[in-house]
file run30.cif (mmCIF, C-alpha atoms)
data_target
loop_
_atom_site.group_PDB
_atom_site.id
_atom_site.type_symbol
_atom_site.label_atom_id
_atom_site.label_comp_id
_atom_site.auth_asym_id
_atom_site.auth_seq_id
_atom_site.Cartn_x
_atom_site.Cartn_y
_atom_site.Cartn_z
ATOM 1 C CA GLN A 104 0.000 0.000 0.000
ATOM 2 C CA VAL A 105 1.290 3.440 -0.863
ATOM 3 C CA GLN A 106 1.097 6.381 1.509
ATOM 4 C CA LEU A 107 1.163 9.925 0.186
ATOM 5 C CA VAL A 108 1.998 12.975 2.272
ATOM 6 C CA GLU A 109 1.693 16.510 0.925
ATOM 7 C CA SER A 110 3.625 19.475 2.256
ATOM 8 C CA GLY A 111 4.418 23.045 1.331
ATOM 9 C CA GLY A 112 1.038 24.661 1.700
ATOM 10 C CA GLY A 113 0.525 27.926 3.512
ATOM 11 C CA LEU A 114 -0.620 31.520 3.285
ATOM 12 C CA VAL A 115 0.642 33.657 0.427
ATOM 13 C CA GLN A 116 -0.345 36.975 -1.093
ATOM 14 C CA ALA A 117 -1.859 37.171 -4.549
ATOM 15 C CA GLY A 118 0.866 37.062 -7.161
ATOM 16 C CA GLY A 119 3.119 34.985 -4.963
ATOM 17 C CA SER A 120 4.402 31.446 -5.342
ATOM 18 C CA LEU A 121 4.321 28.182 -3.452
ATOM 19 C CA ARG A 122 5.860 24.802 -4.131
ATOM 20 C CA LEU A 123 3.920 21.784 -2.978
ATOM 21 C CA SER A 124 5.592 18.440 -2.539
ATOM 22 C CA CYS A 125 4.140 14.965 -2.291
ATOM 23 C CA ALA A 126 6.257 12.243 -0.729
ATOM 24 C CA ALA A 127 5.325 8.623 -1.303
ATOM 25 C CA SER A 128 6.212 5.715 0.916
ATOM 26 C CA GLY A 129 5.307 2.068 1.115
ATOM 27 C CA ARG A 130 5.601 1.394 -2.605
ATOM 28 C CA PRO A 131 7.461 3.161 -5.432
ATOM 29 C CA ILE A 132 5.428 5.502 -7.597
ATOM 30 C CA SER A 133 7.778 5.241 -10.558
ATOM 31 C CA SER A 134 5.373 3.137 -12.653
ATOM 32 C CA TYR A 135 2.291 5.256 -12.003
ATOM 33 C CA THR A 136 0.640 8.436 -13.137
ATOM 34 C CA MET A 137 0.501 11.052 -10.414
ATOM 35 C CA GLY A 138 -1.986 13.852 -10.118
ATOM 36 C CA TRP A 139 -2.736 16.970 -8.129
ATOM 37 C CA PHE A 140 -6.311 17.939 -7.339
ATOM 38 C CA ARG A 141 -7.831 20.610 -5.147
ATOM 39 C CA GLN A 142 -11.028 21.210 -3.264
ATOM 40 C CA SER A 143 -12.534 24.410 -1.917
ATOM 41 C CA PRO A 144 -15.337 24.520 0.663
ATOM 42 C CA GLY A 145 -18.659 23.772 -0.954
ATOM 43 C CA LYS A 146 -17.099 22.739 -4.247
ATOM 44 C CA ASP A 147 -16.321 19.433 -5.888
ATOM 45 C CA ARG A 148 -12.774 18.141 -6.076
ATOM 46 C CA GLU A 149 -11.119 19.744 -9.095
ATOM 47 C CA PHE A 150 -8.351 18.501 -11.377
ATOM 48 C CA VAL A 151 -5.182 20.601 -11.265
ATOM 49 C CA ALA A 152 -2.348 18.758 -13.024
ATOM 50 C CA THR A 153 -1.106 15.300 -13.867
ATOM 51 C CA ILE A 154 2.162 13.733 -14.938
ATOM 52 C CA SER A 155 2.778 10.404 -16.619
ATOM 53 C CA TRP A 156 4.835 7.660 -15.029
ATOM 54 C CA ASN A 157 8.034 8.699 -16.827
ATOM 55 C CA GLY A 158 7.387 12.444 -16.798
ATOM 56 C CA ALA A 159 7.003 12.563 -20.571
ATOM 57 C CA ASN A 160 3.441 13.862 -20.506
ATOM 58 C CA THR A 161 1.928 16.567 -18.351
ATOM 59 C CA TYR A 162 -1.548 18.051 -18.467
ATOM 60 C CA TYR A 163 -3.063 20.994 -16.661
ATOM 61 C CA ALA A 164 -6.474 22.421 -16.046
ATOM 62 C CA ASP A 165 -6.994 25.436 -18.277
ATOM 63 C CA SER A 166 -6.925 27.920 -15.412
ATOM 64 C CA MET A 167 -3.534 26.610 -14.254
ATOM 65 C CA LYS A 168 -1.743 26.515 -17.596
ATOM 66 C CA GLY A 169 1.275 28.774 -17.629
ATOM 67 C CA ARG A 170 1.164 29.278 -13.867
ATOM 68 C CA PHE A 171 1.572 25.771 -12.413
ATOM 69 C CA THR A 172 4.226 23.180 -13.197
ATOM 70 C CA ILE A 173 4.105 19.546 -12.142
ATOM 71 C CA SER A 174 7.282 17.509 -11.898
ATOM 72 C CA ARG A 175 8.416 14.228 -10.431
ATOM 73 C CA ASP A 176 11.537 12.530 -9.149
ATOM 74 C CA ASN A 177 11.152 8.773 -9.385
ATOM 75 C CA VAL A 178 14.361 8.197 -7.471
ATOM 76 C CA LYS A 179 13.212 10.287 -4.517
ATOM 77 C CA ASN A 180 9.625 9.043 -4.905
ATOM 78 C CA THR A 181 8.254 12.577 -4.935
ATOM 79 C CA VAL A 182 5.971 14.727 -7.036
ATOM 80 C CA ASP A 183 6.024 18.515 -6.867
ATOM 81 C CA LEU A 184 3.666 21.261 -7.928
ATOM 82 C CA GLN A 185 5.218 24.671 -8.485
ATOM 83 C CA MET A 186 2.527 27.326 -8.316
ATOM 84 C CA ASN A 187 3.261 30.842 -9.524
ATOM 85 C CA SER A 188 1.140 33.962 -9.963
ATOM 86 C CA LEU A 189 -1.274 32.681 -7.361
ATOM 87 C CA LYS A 190 -4.782 34.114 -7.217
ATOM 88 C CA PRO A 191 -7.321 34.176 -4.376
ATOM 89 C CA GLU A 192 -9.412 31.672 -6.320
ATOM 90 C CA ASP A 193 -6.542 29.180 -6.001
ATOM 91 C CA THR A 194 -7.341 28.913 -2.308
ATOM 92 C CA ALA A 195 -8.127 25.265 -1.581
ATOM 93 C CA VAL A 196 -6.887 22.079 -0.036
ATOM 94 C CA TYR A 197 -4.485 20.482 -2.505
ATOM 95 C CA TYR A 198 -4.222 16.711 -2.756
ATOM 96 C CA CYS A 199 -1.772 14.475 -4.563
ATOM 97 C CA ALA A 200 -2.901 11.119 -5.820
ATOM 98 C CA ARG A 201 -1.547 7.974 -7.475
ATOM 99 C CA SER A 202 -3.259 6.203 -10.311
ATOM 100 C CA ALA A 203 -4.601 2.699 -10.061
ATOM 101 C CA LEU A 204 -3.131 1.627 -13.392
ATOM 102 C CA ALA A 205 0.564 1.582 -14.218
ATOM 103 C CA TYR A 206 2.491 2.990 -17.166
ATOM 104 C CA ALA A 207 0.962 4.798 -20.110
ATOM 105 C CA LEU A 208 -2.555 6.130 -19.689
ATOM 106 C CA ALA A 209 -4.725 8.168 -22.000
ATOM 107 C CA LYS A 210 -5.116 11.830 -21.161
ATOM 108 C CA ALA A 211 -8.820 11.336 -20.504
ATOM 109 C CA THR A 212 -7.944 8.792 -17.851
ATOM 110 C CA MET A 213 -5.148 10.858 -16.337
ATOM 111 C CA ILE A 214 -7.372 13.885 -15.645
ATOM 112 C CA ARG A 215 -10.245 11.967 -14.004
ATOM 113 C CA PHE A 216 -10.214 11.945 -10.218
ATOM 114 C CA ASP A 217 -11.733 8.445 -10.144
ATOM 115 C CA SER A 218 -8.597 7.105 -11.851
ATOM 116 C CA TYR A 219 -6.803 7.667 -8.553
ATOM 117 C CA PRO A 220 -7.584 5.374 -5.627
ATOM 118 C CA TYR A 221 -4.662 6.543 -3.487
ATOM 119 C CA TRP A 222 -4.749 10.008 -1.941
ATOM 120 C CA GLY A 223 -2.809 12.057 0.529
ATOM 121 C CA GLN A 224 -4.402 13.972 3.377
ATOM 122 C CA GLY A 225 -4.069 17.310 1.610
ATOM 123 C CA THR A 226 -2.312 20.577 2.302
ATOM 124 C CA GLN A 227 -4.052 23.931 2.665
ATOM 125 C CA VAL A 228 -3.174 26.754 0.315
ATOM 126 C CA THR A 229 -4.600 30.174 1.114
ATOM 127 C CA VAL A 230 -4.069 33.112 -1.211
ATOM 128 C CA SER A 231 -4.921 36.528 0.175
ATOM 129 C CA SER A 232 -5.937 39.445 -2.002
#
call {"tool": "encode", "arguments": {"input": "run30.cif", "output": "C-alpha cells"}}
result
Amino acid sequence: QVQLVESGGGLVQAGGSLRLSCAASGRPISSYTMGWFRQSPGKDREFVATISWNGANTYYADSMKGRFTISRDNVKNTVDLQMNSLKPEDTAVYYCARSALAYALAKATMIRFDSYPYWGQGTQVTVSS
C-alpha cells in the first residue's frame, strides 16, 4: 500500500508562489501516473495537473496553464507542484494522488479523479488578495 503525504502549503499573497511536494512511501510511484487535485469549501474536487509515469506527458487544467508546473523525481519518490502567480481563487486544499493503473494512460484517464484510488491527506493553500 502506498502512503502519500503533501507538504508546502501555507498563506501567500496574490501574485506569490508556493511549491507543494508529495512524498510517497510504502511502494514506489515510478510506474504510475501522479496527479494533483484541489477542493474548496462547498465545491467538488477539481483537477489541477497530472504527470505520466516517466514524466514525458503533463496536463493541466486550463486555469492553471502557464502558472503551475508539475514535476516528479522517481528516485526520490516525490511529485512537486510549483505554483506561480497565485490568485485568491486558487485557495483550496491540494491533494496528490496515485493512479490505479501503471504505465501509459490516455489523457482522458489521467485527468479523471476516479482514476486515482490513493490520496494524501491534503495541504491547505490560502491566497490573500
call {"tool": "resolve_selection", "arguments": {"input": "run30.cif", "expression": "the PyMOL selection byres ((chain A and resi 144) around 10)", "output": "PDB file with C-alpha atoms, keeping the file's coordinate frame"}}
result
ATOM      1  CA  GLN A 142     -11.028  21.210  -3.264  1.00  0.00           C
ATOM      2  CA  SER A 143     -12.534  24.410  -1.917  1.00  0.00           C
ATOM      3  CA  GLY A 145     -18.659  23.772  -0.954  1.00  0.00           C
ATOM      4  CA  LYS A 146     -17.099  22.739  -4.247  1.00  0.00           C
ATOM      5  CA  ASP A 147     -16.321  19.433  -5.888  1.00  0.00           C
ATOM      6  CA  ARG A 148     -12.774  18.141  -6.076  1.00  0.00           C
ATOM      7  CA  THR A 194      -7.341  28.913  -2.308  1.00  0.00           C
ATOM      8  CA  ALA A 195      -8.127  25.265  -1.581  1.00  0.00           C
ATOM      9  CA  VAL A 196      -6.887  22.079  -0.036  1.00  0.00           C
TER      10      VAL A 196
END
call {"tool": "residues_around", "arguments": {"input": "run30.cif", "residues": "A:Leu208", "least_positions_apart": "6", "cutoff": "9 Å", "atoms": "all atoms listed in the file", "output": "NGL selection string"}}
result
:A and (136 or 155-156)
call {"tool": "write_last_selection", "arguments": {"input": "run30.cif", "atoms": "C-alpha atoms", "output": "short mmCIF file (atom, residue, chain, number, x, y, z; two decimals), in the coordinates of the input"}}
result
data_model
loop_
_atom_site.label_atom_id
_atom_site.label_comp_id
_atom_site.auth_asym_id
_atom_site.auth_seq_id
_atom_site.Cartn_x
_atom_site.Cartn_y
_atom_site.Cartn_z
CA THR A 136 0.64 8.44 -13.14
CA SER A 155 2.78 10.40 -16.62
CA TRP A 156 4.84 7.66 -15.03
#
call {"tool": "resolve_selection", "arguments": {"input": "run30.cif", "expression": "the PyMOL selection byres ((chain A and resi 122) around 9)", "output": "list in words"}}
result
Ser110, Gly111, Gly112, Ser120, Leu121, Leu123, Ser124, Asp183, Leu184, Gln185, Met186 and Asn187 of chain A
call {"tool": "residues_near_point", "arguments": {"input": "run30.cif", "point": "(-6.9, 34.8, -7.7)", "cutoff": "10 Å", "atoms": "all atoms listed in the file", "output": "count of residues only"}}
result
13
call {"tool": "closest_residue", "arguments": {"input": "run30.cif", "among": "A:Ala200, A:Ala207, A:Ala159, A:Ala164", "to": "A:Leu107", "atoms": "all atoms listed in the file"}}
result
A:Ala200
call {"tool": "atom_distance", "arguments": {"input": "run30.cif", "atom1": "atom CA of A:Lys168", "atom2": "atom CA of A:Val182"}}
result
17.6 Å
call {"tool": "closest_residue", "arguments": {"input": "run30.cif", "among": "A:Thr161, A:Thr153, A:Asn177, A:Thr172", "to": "A:Ser218", "atoms": "all atoms listed in the file"}}
result
A:Thr153
call {"tool": "closest_residue", "arguments": {"input": "run30.cif", "among": "A:Gly158, A:Gly225, A:Gly138, A:Gly129", "to": "A:Val105", "atoms": "only C-alpha atoms"}}
result
A:Gly129
call {"tool": "residues_around", "arguments": {"input": "run30.cif", "residues": "A:Trp222", "least_positions_apart": "2", "cutoff": "12 Å", "atoms": "only C-alpha atoms", "output": "PyMOL selection string"}}
result
chain A and resi 104-109+125-127+137-141+197-203+216-220+224-226
call {"tool": "write_last_selection", "arguments": {"input": "run30.cif", "atoms": "C-alpha atoms", "output": "compact mmCIF listing (two decimals), in the frame of the given file"}}
result
# COMPACT_ATOMS: atom_id res chain seq x y z
CA GLN A 104 0.00 0.00 0.00
CA VAL A 105 1.29 3.44 -0.86
CA GLN A 106 1.10 6.38 1.51
CA LEU A 107 1.16 9.93 0.19
CA VAL A 108 2.00 12.98 2.27
CA GLU A 109 1.69 16.51 0.92
CA CYS A 125 4.14 14.96 -2.29
CA ALA A 126 6.26 12.24 -0.73
CA ALA A 127 5.32 8.62 -1.30
CA MET A 137 0.50 11.05 -10.41
CA GLY A 138 -1.99 13.85 -10.12
CA TRP A 139 -2.74 16.97 -8.13
CA PHE A 140 -6.31 17.94 -7.34
CA ARG A 141 -7.83 20.61 -5.15
CA TYR A 197 -4.49 20.48 -2.50
CA TYR A 198 -4.22 16.71 -2.76
CA CYS A 199 -1.77 14.48 -4.56
CA ALA A 200 -2.90 11.12 -5.82
CA ARG A 201 -1.55 7.97 -7.48
CA SER A 202 -3.26 6.20 -10.31
CA ALA A 203 -4.60 2.70 -10.06
CA PHE A 216 -10.21 11.94 -10.22
CA ASP A 217 -11.73 8.44 -10.14
CA SER A 218 -8.60 7.10 -11.85
CA TYR A 219 -6.80 7.67 -8.55
CA PRO A 220 -7.58 5.37 -5.63
CA GLN A 224 -4.40 13.97 3.38
CA GLY A 225 -4.07 17.31 1.61
CA THR A 226 -2.31 20.58 2.30
call {"tool": "atom_distance", "arguments": {"input": "run30.cif", "atom1": "atom CA of A:Tyr163", "atom2": "atom CA of A:Ala209"}}
result
14.0 Å
call {"tool": "atom_distance", "arguments": {"input": "run30.cif", "atom1": "atom CA of A:Asp176", "atom2": "atom CA of A:Tyr206"}}
result
15.4 Å
